[in-house]
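J.: Provided below: start39.cif, containing mmCIF, C-alpha atoms and all ligand atoms.
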```
data_start
#
loop_
_atom_site.label_atom_id
_atom_site.label_comp_id
_atom_site.auth_asym_id
_atom_site.auth_seq_id
_atom_site.Cartn_x
_atom_site.Cartn_y
_atom_site.Cartn_z
CA MET A 483 143.10 82.91 155.73
CA SER A 484 146.31 83.03 157.77
CA SER A 485 147.59 79.83 156.17
CA THR A 486 146.71 81.31 152.80
CA SER A 487 148.67 84.47 153.47
CA ALA A 488 151.61 82.48 154.89
CA SER A 489 151.88 80.32 151.77
CA TRP A 490 151.45 83.40 149.60
CA THR A 491 154.27 85.17 151.42
CA SER A 492 156.63 82.26 150.83
CA PHE A 493 155.50 82.10 147.20
CA ILE A 494 156.35 85.80 146.75
CA LYS A 495 159.74 85.16 148.29
CA SER A 496 160.35 82.40 145.74
CA LEU A 497 159.27 84.80 142.98
CA ALA A 498 161.91 87.28 144.08
CA SER A 499 164.69 84.78 143.39
CA TYR A 500 162.84 83.51 140.34
CA ASN A 501 165.00 82.24 137.46
CA GLY A 502 162.81 82.74 134.40
CA ASP A 503 161.14 79.34 134.15
CA LEU A 504 157.55 79.91 135.24
CA SER A 505 156.76 76.20 135.27
CA SER A 506 159.32 75.64 138.04
CA LEU A 507 157.43 77.85 140.50
CA THR A 508 155.63 75.98 143.24
CA ALA A 509 152.54 78.03 143.84
CA PRO A 510 150.01 77.62 146.67
CA PRO A 511 146.94 75.61 145.58
CA PHE A 512 144.48 78.50 145.65
CA ILE A 513 146.36 80.20 142.82
CA LEU A 514 146.39 77.08 140.59
CA SER A 515 144.05 76.86 137.65
CA PRO A 516 142.64 73.46 136.64
CA THR A 517 143.07 74.53 133.00
CA SER A 518 146.15 73.91 130.87
CA LEU A 519 147.83 76.71 128.95
CA VAL A 520 147.21 74.74 125.74
CA GLU A 521 143.53 75.73 126.09
CA TYR A 522 144.27 79.46 125.90
CA SER A 523 144.36 79.36 122.06
CA GLN A 524 140.55 79.22 122.10
CA TYR A 525 140.43 82.88 123.12
CA TRP A 526 141.29 83.90 119.55
CA SER A 527 137.89 83.00 118.22
CA GLU A 528 135.19 83.57 120.81
CA HIS A 529 133.66 86.19 118.50
CA VAL A 530 133.37 84.02 115.39
CA ASP A 531 131.13 86.58 113.68
CA LEU A 532 133.87 89.23 113.89
CA PHE A 533 136.56 86.72 112.88
CA LEU A 534 134.67 85.96 109.67
CA ALA A 535 133.26 89.48 109.13
CA PRO A 536 135.74 90.65 106.43
CA ASN A 537 134.38 87.91 104.13
CA PHE A 538 131.00 89.63 104.07
CA ILE A 539 132.12 93.24 103.54
CA GLN A 540 131.43 94.66 100.12
CA GLN A 541 132.64 97.71 98.28
CA GLU A 542 129.76 100.22 98.04
CA PRO A 543 129.48 102.81 95.23
CA ASN A 544 129.86 105.83 97.55
CA ASP A 545 132.70 104.42 99.67
CA ILE A 546 135.53 106.77 100.52
CA ASP A 547 137.63 103.84 101.71
CA SER A 548 139.08 101.00 99.68
CA VAL A 549 137.58 97.60 100.45
CA GLU A 550 140.98 96.52 101.81
CA LEU A 551 140.84 99.37 104.35
CA LYS A 552 137.33 98.31 105.34
CA HIS A 553 138.71 94.80 105.85
CA MET A 554 141.54 96.17 108.02
CA VAL A 555 139.04 98.01 110.23
CA ALA A 556 137.08 94.75 110.60
CA VAL A 557 140.22 92.75 111.43
CA LEU A 558 141.18 95.33 114.07
CA ARG A 559 137.70 95.06 115.59
CA TRP A 560 138.01 91.26 115.73
CA PHE A 561 141.48 91.54 117.30
CA ILE A 562 140.28 93.96 119.98
CA SER A 563 137.34 91.60 120.66
CA THR A 564 139.77 88.76 121.48
CA LEU A 565 141.58 90.65 124.25
CA LYS A 566 138.98 90.39 127.02
CA SER A 567 138.82 86.61 126.62
CA GLN A 568 142.61 86.33 126.37
CA TYR A 569 143.52 88.45 129.35
CA CYS A 570 140.47 88.84 131.63
CA SER A 571 138.59 85.55 131.46
CA ARG A 572 140.36 83.88 134.42
CA ALA A 573 139.75 86.96 136.55
CA GLU A 574 136.07 86.77 135.61
CA THR A 575 135.45 83.07 136.02
CA LEU A 576 138.00 82.20 138.74
CA GLY A 577 138.15 85.51 140.62
CA GLY A 578 141.70 86.38 139.59
CA GLU A 579 144.55 85.38 137.32
CA LYS A 580 145.62 81.80 138.04
CA LYS A 581 148.69 79.74 137.25
CA PRO A 582 147.71 77.46 134.37
CA LEU A 583 148.77 73.82 134.14
CA ASN A 584 152.05 73.53 132.27
CA PRO A 585 151.28 71.49 129.13
CA PHE A 586 153.30 68.36 128.35
CA LEU A 587 154.92 67.86 124.94
CA GLY A 588 152.30 66.79 122.41
CA GLU A 589 149.35 67.83 124.58
CA LEU A 590 146.34 68.68 122.43
CA PHE A 591 143.25 70.79 122.83
CA VAL A 592 140.67 70.57 120.05
CA GLY A 593 137.12 71.79 119.67
CA LYS A 594 134.75 73.60 117.38
CA TRP A 595 132.43 76.56 117.19
CA THR A 596 129.07 75.73 115.70
CA ASP A 597 127.42 78.12 113.27
CA GLU A 598 125.08 80.39 115.21
CA SER A 599 124.29 82.73 112.33
CA PRO A 600 120.61 82.78 111.28
CA SER A 601 121.58 82.46 107.61
CA LYS A 602 124.07 79.63 108.27
CA LYS A 603 126.69 81.52 106.28
CA PHE A 604 129.46 80.92 108.83
CA GLY A 605 129.74 77.13 108.83
CA GLU A 606 131.82 75.30 111.40
CA THR A 607 135.07 76.69 112.83
CA LEU A 608 137.68 74.25 114.16
CA LEU A 609 140.40 74.77 116.74
CA VAL A 610 143.50 72.65 117.06
CA SER A 611 146.01 73.64 119.73
CA GLU A 612 149.18 71.65 120.37
CA GLN A 613 152.06 71.90 122.81
CA VAL A 614 154.95 71.79 120.35
CA SER A 615 157.70 72.32 122.93
CA HIS A 616 157.97 71.69 126.67
CA HIS A 617 161.37 73.36 127.34
CA PRO A 618 160.76 76.22 126.74
CA PRO A 619 156.94 75.93 126.74
CA ILE A 620 155.52 76.76 123.29
CA THR A 621 151.93 76.34 122.14
CA ALA A 622 150.92 76.38 118.46
CA TYR A 623 147.37 76.56 117.14
CA ALA A 624 145.22 76.82 114.05
CA ILE A 625 141.64 78.01 113.78
CA GLN A 626 140.09 76.97 110.52
CA ASN A 627 136.79 77.83 108.85
CA LYS A 628 136.54 75.92 105.57
CA THR A 629 133.17 77.37 104.56
CA ASN A 630 134.72 80.83 104.32
CA LYS A 631 138.31 79.74 103.64
CA THR A 632 139.50 81.64 106.68
CA THR A 633 142.43 80.41 108.79
CA LEU A 634 144.24 81.83 111.77
CA GLN A 635 147.48 80.13 112.75
CA GLY A 636 150.05 81.07 115.31
CA TYR A 637 152.24 80.08 118.19
CA ASN A 638 153.36 81.60 121.46
CA GLY A 639 155.75 81.30 124.33
CA VAL A 640 156.54 83.69 127.17
CA ARG A 641 159.58 84.84 129.05
CA ALA A 642 159.09 86.54 132.39
CA SER A 643 161.06 88.50 134.94
CA MET A 644 160.08 89.73 138.38
CA SER A 645 160.27 93.39 139.37
CA ALA A 646 159.51 94.83 142.82
CA THR A 647 155.75 94.62 142.39
CA ALA A 648 154.97 92.91 139.10
CA LEU A 649 155.79 89.94 136.93
CA ASN A 650 156.85 91.30 133.54
CA VAL A 651 156.05 89.04 130.61
CA ARG A 652 157.29 89.24 127.03
CA GLN A 653 155.53 87.18 124.41
CA TYR A 654 157.35 85.35 121.62
CA GLY A 655 155.61 84.21 118.44
CA HIS A 656 152.95 85.70 116.19
CA ALA A 657 149.61 84.99 114.55
CA LEU A 658 148.83 84.86 110.84
CA LEU A 659 145.35 85.39 109.51
CA SER A 660 144.41 84.38 105.98
CA TYR A 661 141.23 85.22 104.07
CA GLU A 662 141.69 83.11 100.96
CA ASN A 663 138.57 84.37 99.17
CA LEU A 664 139.77 87.95 99.63
CA ASN A 665 143.36 87.11 98.78
CA GLU A 666 144.46 88.91 101.94
CA LYS A 667 146.76 87.99 104.81
CA TYR A 668 147.47 89.67 108.14
CA LEU A 669 150.39 89.37 110.54
CA ILE A 670 149.52 89.97 114.19
CA THR A 671 152.13 90.53 116.90
CA LEU A 672 151.61 89.81 120.60
CA PRO A 673 151.89 92.61 123.18
CA PRO A 674 154.07 92.53 126.31
CA LEU A 675 152.17 92.35 129.58
CA HIS A 676 152.67 92.36 133.30
CA ILE A 677 150.91 90.73 136.20
CA GLU A 678 149.89 93.23 138.88
CA GLY A 679 148.33 92.67 142.28
CA ILE A 680 150.77 89.92 143.28
CA LEU A 681 151.54 91.36 146.69
CA MET A 682 147.82 91.39 147.48
CA ALA A 683 147.39 87.79 146.29
CA ALA A 684 144.96 89.09 143.65
CA PRO A 685 146.92 88.91 140.38
CA PHE A 686 145.58 90.39 137.15
CA VAL A 687 146.98 91.08 133.68
CA GLU A 688 147.68 94.50 132.21
CA LEU A 689 148.91 94.94 128.63
CA GLU A 690 151.68 97.40 127.81
CA GLN A 691 153.68 98.93 124.95
CA LYS A 692 152.55 98.09 121.40
CA SER A 693 151.41 95.43 119.01
CA TYR A 694 150.94 95.48 115.25
CA ILE A 695 148.60 94.17 112.59
CA GLN A 696 150.14 94.25 109.11
CA SER A 697 147.85 93.66 106.12
CA SER A 698 149.14 92.25 102.83
CA ALA A 699 147.36 95.22 101.20
CA GLY A 700 149.83 97.55 102.95
CA TYR A 701 147.63 98.94 105.72
CA VAL A 702 149.04 98.62 109.20
CA ALA A 703 147.44 99.03 112.63
CA VAL A 704 149.59 100.12 115.56
CA ILE A 705 147.94 99.40 118.91
CA GLU A 706 149.26 101.09 122.06
CA TYR A 707 148.29 99.80 125.50
CA SER A 708 148.13 101.54 128.84
CA GLY A 709 146.74 100.79 132.25
CA LYS A 710 145.55 102.50 135.36
CA GLY A 711 148.24 104.96 136.39
CA TYR A 712 148.82 106.27 139.89
CA PHE A 713 147.15 109.58 139.03
CA SER A 714 145.14 108.95 135.91
CA GLY A 715 144.07 106.49 133.27
CA LYS A 716 141.71 103.54 133.20
CA SER A 717 142.70 99.89 133.25
CA ASN A 718 142.86 97.98 129.95
CA SER A 719 143.09 101.12 127.80
CA PHE A 720 144.33 101.22 124.25
CA LYS A 721 144.69 103.52 121.28
CA ALA A 722 144.93 102.00 117.82
CA ARG A 723 145.77 103.85 114.65
CA ILE A 724 145.47 102.55 111.10
CA TYR A 725 147.92 103.87 108.51
CA LYS A 726 148.32 103.40 104.76
CA ASN A 727 151.66 101.68 105.37
CA ILE A 728 154.42 101.38 107.97
CA SER A 729 156.34 104.49 106.89
CA GLU A 730 153.24 106.66 107.34
CA ALA A 731 153.03 105.24 110.87
CA GLU A 732 156.03 107.42 111.78
CA ASP A 733 153.66 110.39 111.75
CA LYS A 734 150.48 110.13 113.86
CA THR A 735 148.78 112.92 111.90
CA LYS A 736 148.76 110.55 108.90
CA ALA A 737 146.43 108.08 110.67
CA LEU A 738 143.44 107.10 108.52
CA TYR A 739 141.49 105.96 111.57
CA THR A 740 141.96 106.15 115.33
CA VAL A 741 140.25 103.85 117.81
CA SER A 742 140.39 104.56 121.51
CA GLY A 743 138.89 103.16 124.70
CA GLN A 744 139.06 100.07 126.87
CA TRP A 745 139.51 96.66 125.29
CA SER A 746 137.58 95.14 128.19
CA GLY A 747 134.84 97.77 127.79
CA VAL A 748 133.80 100.29 125.16
CA SER A 749 135.96 101.77 122.40
CA SER A 750 135.16 104.36 119.74
CA ILE A 751 136.43 105.08 116.23
CA SER A 752 136.96 108.29 114.26
CA ARG A 753 138.58 109.13 110.96
CA GLY A 754 141.97 110.78 111.26
CA ASN A 755 144.27 111.17 114.19
CA THR A 756 141.95 111.88 117.13
CA VAL A 757 138.75 110.35 118.42
CA ALA A 758 135.89 112.84 118.44
CA SER A 759 133.66 113.08 121.51
CA ASP A 760 130.64 111.97 119.45
CA ALA A 761 132.57 109.14 117.78
CA GLN A 762 130.88 105.90 116.75
CA VAL A 763 131.16 102.88 119.03
CA PHE A 764 133.83 100.53 117.70
CA PHE A 765 133.42 97.56 120.03
CA ASP A 766 131.57 97.04 123.31
CA ALA A 767 133.14 94.09 125.10
CA LYS A 768 130.59 94.12 127.93
CA ASN A 769 127.65 93.77 125.55
CA SER A 770 129.17 91.22 123.22
CA LYS A 771 129.07 87.81 124.84
CA PRO A 772 131.86 85.39 123.91
CA GLN A 773 130.78 82.22 122.14
CA HIS A 774 132.54 79.28 123.79
CA LEU A 775 133.68 76.38 121.69
CA THR A 776 132.32 72.88 122.19
CA VAL A 777 134.62 70.09 123.28
CA LYS A 778 133.66 66.44 123.11
CA PRO A 779 133.10 64.55 126.39
CA ILE A 780 136.26 63.46 128.20
CA GLU A 781 135.43 59.75 127.69
CA GLU A 782 135.63 60.28 123.92
CA GLN A 783 138.94 62.16 124.01
CA SER A 784 142.32 60.79 123.04
CA PRO A 785 144.88 60.35 125.85
CA LEU A 786 146.82 63.30 124.42
CA GLU A 787 143.87 65.63 124.86
CA SER A 788 144.31 68.12 127.64
CA ARG A 789 141.15 67.69 129.72
CA ARG A 790 141.47 63.91 129.66
CA ALA A 791 145.19 63.89 130.51
CA TRP A 792 144.83 66.39 133.38
CA GLN A 793 141.46 65.18 134.65
CA LYS A 794 142.73 63.87 138.00
CA VAL A 795 144.99 66.86 138.63
CA ALA A 796 142.11 69.21 137.81
CA GLU A 797 139.84 67.38 140.25
CA ALA A 798 142.49 67.59 142.96
CA ILE A 799 142.87 71.34 142.35
CA ARG A 800 139.11 71.84 142.57
CA ALA A 801 139.10 69.83 145.80
CA ASN A 802 141.98 71.92 147.15
CA ASN A 803 143.85 68.72 147.95
CA TYR A 804 147.49 69.68 147.87
CA ASN A 805 148.93 66.18 148.33
CA LEU A 806 146.73 64.74 145.62
CA ILE A 807 147.63 67.58 143.23
CA HIS A 808 151.28 66.79 143.80
CA GLU A 809 150.78 63.02 143.46
CA GLU A 810 148.80 63.23 140.22
CA LYS A 811 151.15 65.80 138.68
CA THR A 812 154.15 63.64 139.51
CA LYS A 813 152.55 60.71 137.65
CA ILE A 814 152.30 62.79 134.47
CA GLU A 815 155.82 64.15 134.87
CA ASN A 816 157.33 60.69 135.37
CA GLU A 817 155.44 59.32 132.39
CA GLN A 818 156.80 62.17 130.26
CA ARG A 819 160.33 61.59 131.55
CA GLU A 820 160.09 57.91 130.55
CA LEU A 821 158.82 58.81 127.08
CA ARG A 822 161.72 61.22 126.49
CA LYS A 823 164.21 58.58 127.68
CA LYS A 824 162.75 56.00 125.32
CA GLU A 825 162.79 58.45 122.40
CA ALA A 826 166.45 59.22 123.06
CA ALA A 827 167.34 55.51 123.32
CA ASP A 828 165.49 54.65 120.08
CA ASP A 829 166.75 57.79 118.35
CA THR A 830 163.17 58.66 117.36
CA PRO A 831 162.46 62.20 118.57
CA TRP A 832 158.88 63.27 119.27
CA LYS A 833 157.07 64.36 116.12
CA GLN A 834 154.59 67.24 116.42
CA LYS A 835 151.17 66.35 115.04
CA PHE A 836 149.94 69.49 113.25
CA PHE A 837 152.90 71.89 113.19
CA GLU A 838 156.50 72.02 112.03
CA GLU A 839 159.49 74.13 112.95
CA ILE A 840 160.78 76.45 110.23
CA ASP A 841 163.68 78.88 109.97
CA TYR A 842 162.18 81.92 108.25
CA THR A 843 165.52 83.68 107.97
CA THR A 844 166.44 81.11 105.28
CA LEU A 845 163.19 81.44 103.28
CA THR A 846 162.42 83.92 100.52
CA GLU A 847 159.06 85.71 100.46
CA GLU A 848 158.05 83.53 97.47
CA ASP A 849 158.92 80.25 99.21
CA ASP A 850 156.91 81.08 102.32
CA GLU A 851 153.24 80.30 101.69
CA THR A 852 152.22 81.45 105.20
CA GLY A 853 153.02 85.06 104.22
CA TYR A 854 155.01 85.65 107.41
CA VAL A 855 158.27 86.70 105.71
CA LYS A 856 156.55 89.13 103.36
CA LEU A 857 154.35 90.69 106.05
CA ALA A 858 157.17 90.97 108.61
CA ASN A 859 159.29 92.70 105.95
CA MET A 860 156.41 95.04 105.09
CA ALA A 861 156.07 95.98 108.77
CA ASN A 862 159.83 96.27 109.22
CA LEU A 863 159.70 93.56 111.91
CA SER A 864 162.46 91.12 112.80
CA LEU A 865 162.27 87.55 111.46
CA LYS A 866 164.29 86.24 114.38
CA ASN A 867 163.47 84.60 117.74
CA VAL A 868 163.03 87.89 119.52
CA PRO A 869 160.03 89.26 121.43
CA SER A 870 156.94 89.51 119.25
CA GLY A 871 156.75 92.88 117.48
CA THR A 872 160.51 93.62 117.66
CA ARG A 873 161.48 96.12 114.94
CA LYS A 874 164.36 95.28 112.60
CA GLY A 875 167.58 96.90 113.73
CA SER A 876 166.35 97.66 117.25
CA SER A 877 168.45 96.58 120.23
CA LYS A 878 166.28 93.52 120.96
CA ASP A 879 166.71 92.44 117.32
CA ASN A 880 170.38 91.78 118.08
CA GLU A 881 169.68 89.41 120.99
CA THR A 882 169.96 86.36 118.70
CA GLU A 883 170.59 85.23 115.13
CA ALA A 884 168.21 82.27 115.32
CA GLY A 885 165.00 82.54 113.32
CA SER A 886 163.08 79.38 113.98
CA HIS A 887 159.29 79.54 114.26
CA TRP A 888 156.31 77.16 114.14
CA ARG A 889 153.92 76.83 111.24
CA PHE A 890 150.71 74.95 110.64
CA CYS A 891 150.57 71.94 108.26
CA PRO A 892 146.96 72.05 106.98
CA GLU A 893 147.24 68.68 105.20
CA ARG A 894 147.90 67.00 108.54
CA LEU A 895 144.61 68.34 109.87
CA ASP A 896 142.81 67.08 106.74
CA THR A 897 144.04 63.54 107.40
CA THR A 898 144.00 63.41 111.21
CA ASP A 899 142.41 60.68 113.32
CA ILE A 900 141.54 63.22 116.01
CA VAL A 901 137.76 63.71 116.21
CA PHE A 902 136.37 67.23 116.72
C1 LIG A 1001 148.87 83.10 125.43
C2 LIG A 1001 147.93 84.74 127.61
C3 LIG A 1001 149.26 84.08 127.77
C4 LIG A 1001 149.32 82.84 126.86
C5 LIG A 1001 149.45 83.62 129.27
C6 LIG A 1001 151.83 84.83 131.80
C7 LIG A 1001 150.79 83.74 131.98
C8 LIG A 1001 151.07 82.61 130.99
C9 LIG A 1001 150.86 83.05 129.53
C10 LIG A 1001 150.35 85.07 127.34
C11 LIG A 1001 147.46 83.66 125.40
O1 LIG A 1001 147.09 83.92 124.06
C12 LIG A 1001 147.38 84.92 126.24
C13 LIG A 1001 147.22 85.20 128.66
C14 LIG A 1001 147.67 85.19 130.06
C15 LIG A 1001 149.14 84.77 130.26
C16 LIG A 1001 149.35 84.24 131.67
C17 LIG A 1001 149.04 85.15 132.86
C18 LIG A 1001 149.86 84.50 133.98
O2 LIG A 1001 149.89 84.90 135.11
C19 LIG A 1001 150.64 83.34 133.47
C20 LIG A 1001 151.90 83.02 134.31
C21 LIG A 1001 152.58 81.76 133.79
C22 LIG A 1001 151.53 82.69 135.74
O3 LIG A 1001 150.63 81.95 135.94
C23 LIG A 1001 152.33 83.28 136.88
C24 LIG A 1001 151.67 83.04 138.23
C25 LIG A 1001 150.60 84.07 138.57
C26 LIG A 1001 149.20 83.66 138.70
C27 LIG A 1001 150.83 85.09 139.59
C28 LIG A 1001 151.95 85.22 140.39
#
```
What do you get writing this file as structure tokens?
Ligand code: 0T9
T.:
Amino acid sequence: MSSTSASWTSFIKSLASYNGDLSSLTAPPFILSPTSLVEYSQYWSEHVDLFLAPNFIQQEPNDIDSVELKHMVAVLRWFISTLKSQYCSRAETLGGEKKPLNPFLGELFVGKWTDESPSKKFGETLLVSEQVSHHPPITAYAIQNKTNKTTLQGYNGVRASMSATALNVRQYGHALLSYENLNEKYLITLPPLHIEGILMAAPFVELEQKSYIQSSAGYVAVIEYSGKGYFSGKSNSFKARIYKNISEAEDKTKALYTVSGQWSGVSSISRGNTVASDAQVFFDAKNSKPQHLTVKPIEEQSPLESRRAWQKVAEAIRANNYNLIHEEKTKIENEQRELRKKEAADDTPWKQKFFEEIDYTTLTEEDDETGYVKLANMANLSLKNVPSGTRKGSSKDNETEAGSHWRFCPERLDTTDIVF
């Protein structure tokens, strides 16, 4: 225990002078996770039933709401259902937030969710996650269900800064959800977060500020996050309001629906601007078990696949063998360095397998089949490389002029040699 606390103390000291590149931090072994960050994309679809739910919603004769509004409510429920997996799963399975392995360029994580519906109406859902950049680290992913023509694609990177007690993290990137049969698309922004509990060597994530879900039908959900305050409040709290469009969102009394509660626990929904005490349960994270994807055995994986590439490092982490961790990591790093050198010498830069970089500030709404430009404009969000969810014209919007993002190339998945 004393050696643990000594290494933790020196780690905290290194955090204090921390320069922004999380991968450069040398953390004590007990805080290392044997899982690569490229795997985190799977958290988007551990409730496949909710992900596909909008496809099975029908307009009923006595409905007050439009079918598009019913879809928006269902998309919000799915989004809320992803948060516990995204932000609490390491704490649950590993006893606290851990530092993930820093993916190498081109690292892949693929898998699939089998259809567990009694009627077999879901079909198979595929995940492909790829490290599209190493400096800075960026992961792109697509989750595709062909049976129901439903695709989620997105990418993310983080930038972090250390305050007195917490690591503050801003997310860059976005997610785009498409229901082809419904002719609807949704833009999802990623909330800022911070890591608490660092001084106690028991780190955990808390979400903060806001994120948005913009529907192509106009409806927009604004989700506000809060945590356990010094005097009041519960951890992992949120309040989400759905409005007819982004200008109505200026006035909370115009909310069509309000959802409130804990994203890691129970939330409730009411019509209008406040949640009634007898409100209907919206989502109960504790009673809705995540469905994990299946990944083929390591022996059958390609050398670019995460669990195969990191196998020896992961074993060393599990064995708590610091020298071996270092040795095996160095092998991968040197190999990568050689590859980059060779690419530079041959003038053949690394080509991403399933994704391409695109400057959305140069595309018109019509030329952008992903829907990002149109949806970001509808939500009044910046198209530039600024923190996810940055409003147009806000101070953060002026941090850069660059507008390059990552988008999925579905035809490359159709013709891939990677086996799921
Ligand atoms: C995208 C998610 C992201 C990745 C992780 C900040 C963090 C890396 C990024 C944002 C996913 O969709 C959602 C969940 C958790 C985020 C991670 C939490 C975390 O602590 C790490 C960073 C890199 C660290 O590991 C810092 C060390 C730490 C354990 C404590 C000091």
J.: In Å to one decimal, how far is CA of Tyr525 (chain A) from CA of Thr843 (chain A)?
T.: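 These atoms are spaced 29.3 Å apart.
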J.: Any residue with an atom at most 9 Å from ligand LIG 1001 (chain A) counts, using only C-alpha atoms and all ligand atoms. Which are they? Put them as a ChimeraX atom specification.
T.: /A:493-494,497,503-505,507,509,513-515,519-526,565,567-570,572,578-584,621,637-642,648-653,672-681,683-687
J.: Rounded to one decimal in Å, what is the spacing between CA of Leu895 (chain A) and CA of Ile539 (chain A)?
T.: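 Rounded to one decimal, the two atoms are 28.6 Å apart.
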J.: Might you pull out every residue within 8 Å of Ile705 (chain A), with only C-alpha atoms counted and same-chain residues fewer than 3 positions away left off, and present them as a PyMOL selection string?
T.: chain A and resi 692-694+720-723
J.: Print the selection's residues with C-alpha atoms to a file, as a PDB file, in the frame of the given file.
T.:
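Final output, saved to out10.pdb:
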```
ATOM      1  CA  LYS A 692     152.550  98.090 121.400  1.00  0.00           C
ATOM      2  CA  SER A 693     151.410  95.430 119.010  1.00  0.00           C
ATOM      3  CA  TYR A 694     150.940  95.480 115.250  1.00  0.00           C
ATOM      4  CA  PHE A 720     144.330 101.220 124.250  1.00  0.00           C
ATOM      5  CA  LYS A 721     144.690 103.520 121.280  1.00  0.00           C
ATOM      6  CA  ALA A 722     144.930 102.000 117.820  1.00  0.00           C
ATOM      7  CA  ARG A 723     145.770 103.850 114.650  1.00  0.00           C
TER       8      ARG A 723
END
```
J.: Would you please work out which residue, of A:Lys734, A:Lys874, A:Arg819, A:Lys824, is nearest to His616 (chain A) when using only C-alpha atoms?
T.: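 Of all the options, A:Arg819 lies closest to His616 (chain A).
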J.: Find the spatial neighbours of Glu851 (chain A), counting all atoms listed in the file, within a cut-off of 12 Å - ignore same-chain residues fewer than 3 positions away - and output them as a ChimeraX atom specification.
T.: /A:658,660,662,667,842,845-848,854-857,889-892
J.: What lies within 9 Å of Trp792 (chain A) using all atoms listed in the file, ignoring chain neighbours under 6 positions off, as a list in words?
T.: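 Counting only the stated atoms, we get Pro516, Thr517, Ser518, Leu583, Glu810, Lys811 and Ile814 of chain A.
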J.: Have a look at CA of Glu820 (chain A) and CA of Ser506 (chain A) and let me know their distance in Å, one decimal.
T.: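 Result for CA of Glu820 (chain A) versus CA of Ser506 (chain A): 19.3 Å, one decimal.
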J.: Pick out the closest residue to Tyr739 (chain A) from this set: A:Met554, A:Ala796, A:Tyr500, A:Asn544. Count all atoms listed in the file.
T.: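 For Tyr739 (chain A), the nearest of the candidates is A:Met554.
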J.: Using all atoms listed in the file, which of A:Asn627, A:Ser877, A:Ser527, A:Gln818 sits nearest Trp832 (chain A)?
T.: A:Gln818
J.: Give as a PDB file with C-alpha atoms, keeping the file's coordinate frame the set of residues within 12 Å of the point (128.1, 93.7, 123.5), where distances use the file's coordinates and only C-alpha atoms.
T.:
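Output saved as point_6.pdb:
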```pdb
ATOM      1  CA  HIS A 529     133.660  86.190 118.500  1.00  0.00           C
ATOM      2  CA  SER A 563     137.340  91.600 120.660  1.00  0.00           C
ATOM      3  CA  LYS A 566     138.980  90.390 127.020  1.00  0.00           C
ATOM      4  CA  TRP A 745     139.510  96.660 125.290  1.00  0.00           C
ATOM      5  CA  SER A 746     137.580  95.140 128.190  1.00  0.00           C
ATOM      6  CA  GLY A 747     134.840  97.770 127.790  1.00  0.00           C
ATOM      7  CA  VAL A 748     133.800 100.290 125.160  1.00  0.00           C
ATOM      8  CA  SER A 749     135.960 101.770 122.400  1.00  0.00           C
ATOM      9  CA  VAL A 763     131.160 102.880 119.030  1.00  0.00           C
ATOM     10  CA  PHE A 764     133.830 100.530 117.700  1.00  0.00           C
ATOM     11  CA  PHE A 765     133.420  97.560 120.030  1.00  0.00           C
ATOM     12  CA  ASP A 766     131.570  97.040 123.310  1.00  0.00           C
ATOM     13  CA  ALA A 767     133.140  94.090 125.100  1.00  0.00           C
ATOM     14  CA  LYS A 768     130.590  94.120 127.930  1.00  0.00           C
ATOM     15  CA  ASN A 769     127.650  93.770 125.550  1.00  0.00           C
ATOM     16  CA  SER A 770     129.170  91.220 123.220  1.00  0.00           C
ATOM     17  CA  LYS A 771     129.070  87.810 124.840  1.00  0.00           C
ATOM     18  CA  PRO A 772     131.860  85.390 123.910  1.00  0.00           C
ATOM     19  CA  GLN A 773     130.780  82.220 122.140  1.00  0.00           C
TER      20      GLN A 773
END
```
J.: Find, counting all atoms listed in the file, the residue in A:Val757, A:Met860, A:Leu821, A:Met682 that gets nearest to Thr647 (chain A).
T.: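 Looking at the shortest contact to Thr647 (chain A), the residue is A:Met682.
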J.: Give me, as a list in words, all polymer residues having an atom no more than 6 Å from Ile751 (chain A), counting only C-alpha atoms and skipping those fewer than 5 positions away in the same chain.
T.: Thr740, Val741, Ala761, Gln762 and Phe764 of chain A
J.: For Leu534 (chain A), work out the shell of residues within 12 Å, counting only C-alpha atoms and skipping chain neighbours fewer than 2 positions away, then give it as number ranges by chain.
T.: A: 527-532, 536-539, 553, 556-557, 559-561, 597, 599, 603-607, 625-634, 659-664
J.: Name the closest residue to Pro779 (chain A) among the candidates A:Ser708, A:Phe902, A:Pro511, A:Ala646; distances are taken between atoms, counting only C-alpha atoms.
T.: A:Phe902
J.: Between A:Ala827, A:Ile840, A:Leu786, A:Ile724, which residue has the minimum interatomic distance to Glu589 (chain A), considering only C-alpha atoms?
T.: A:Leu786
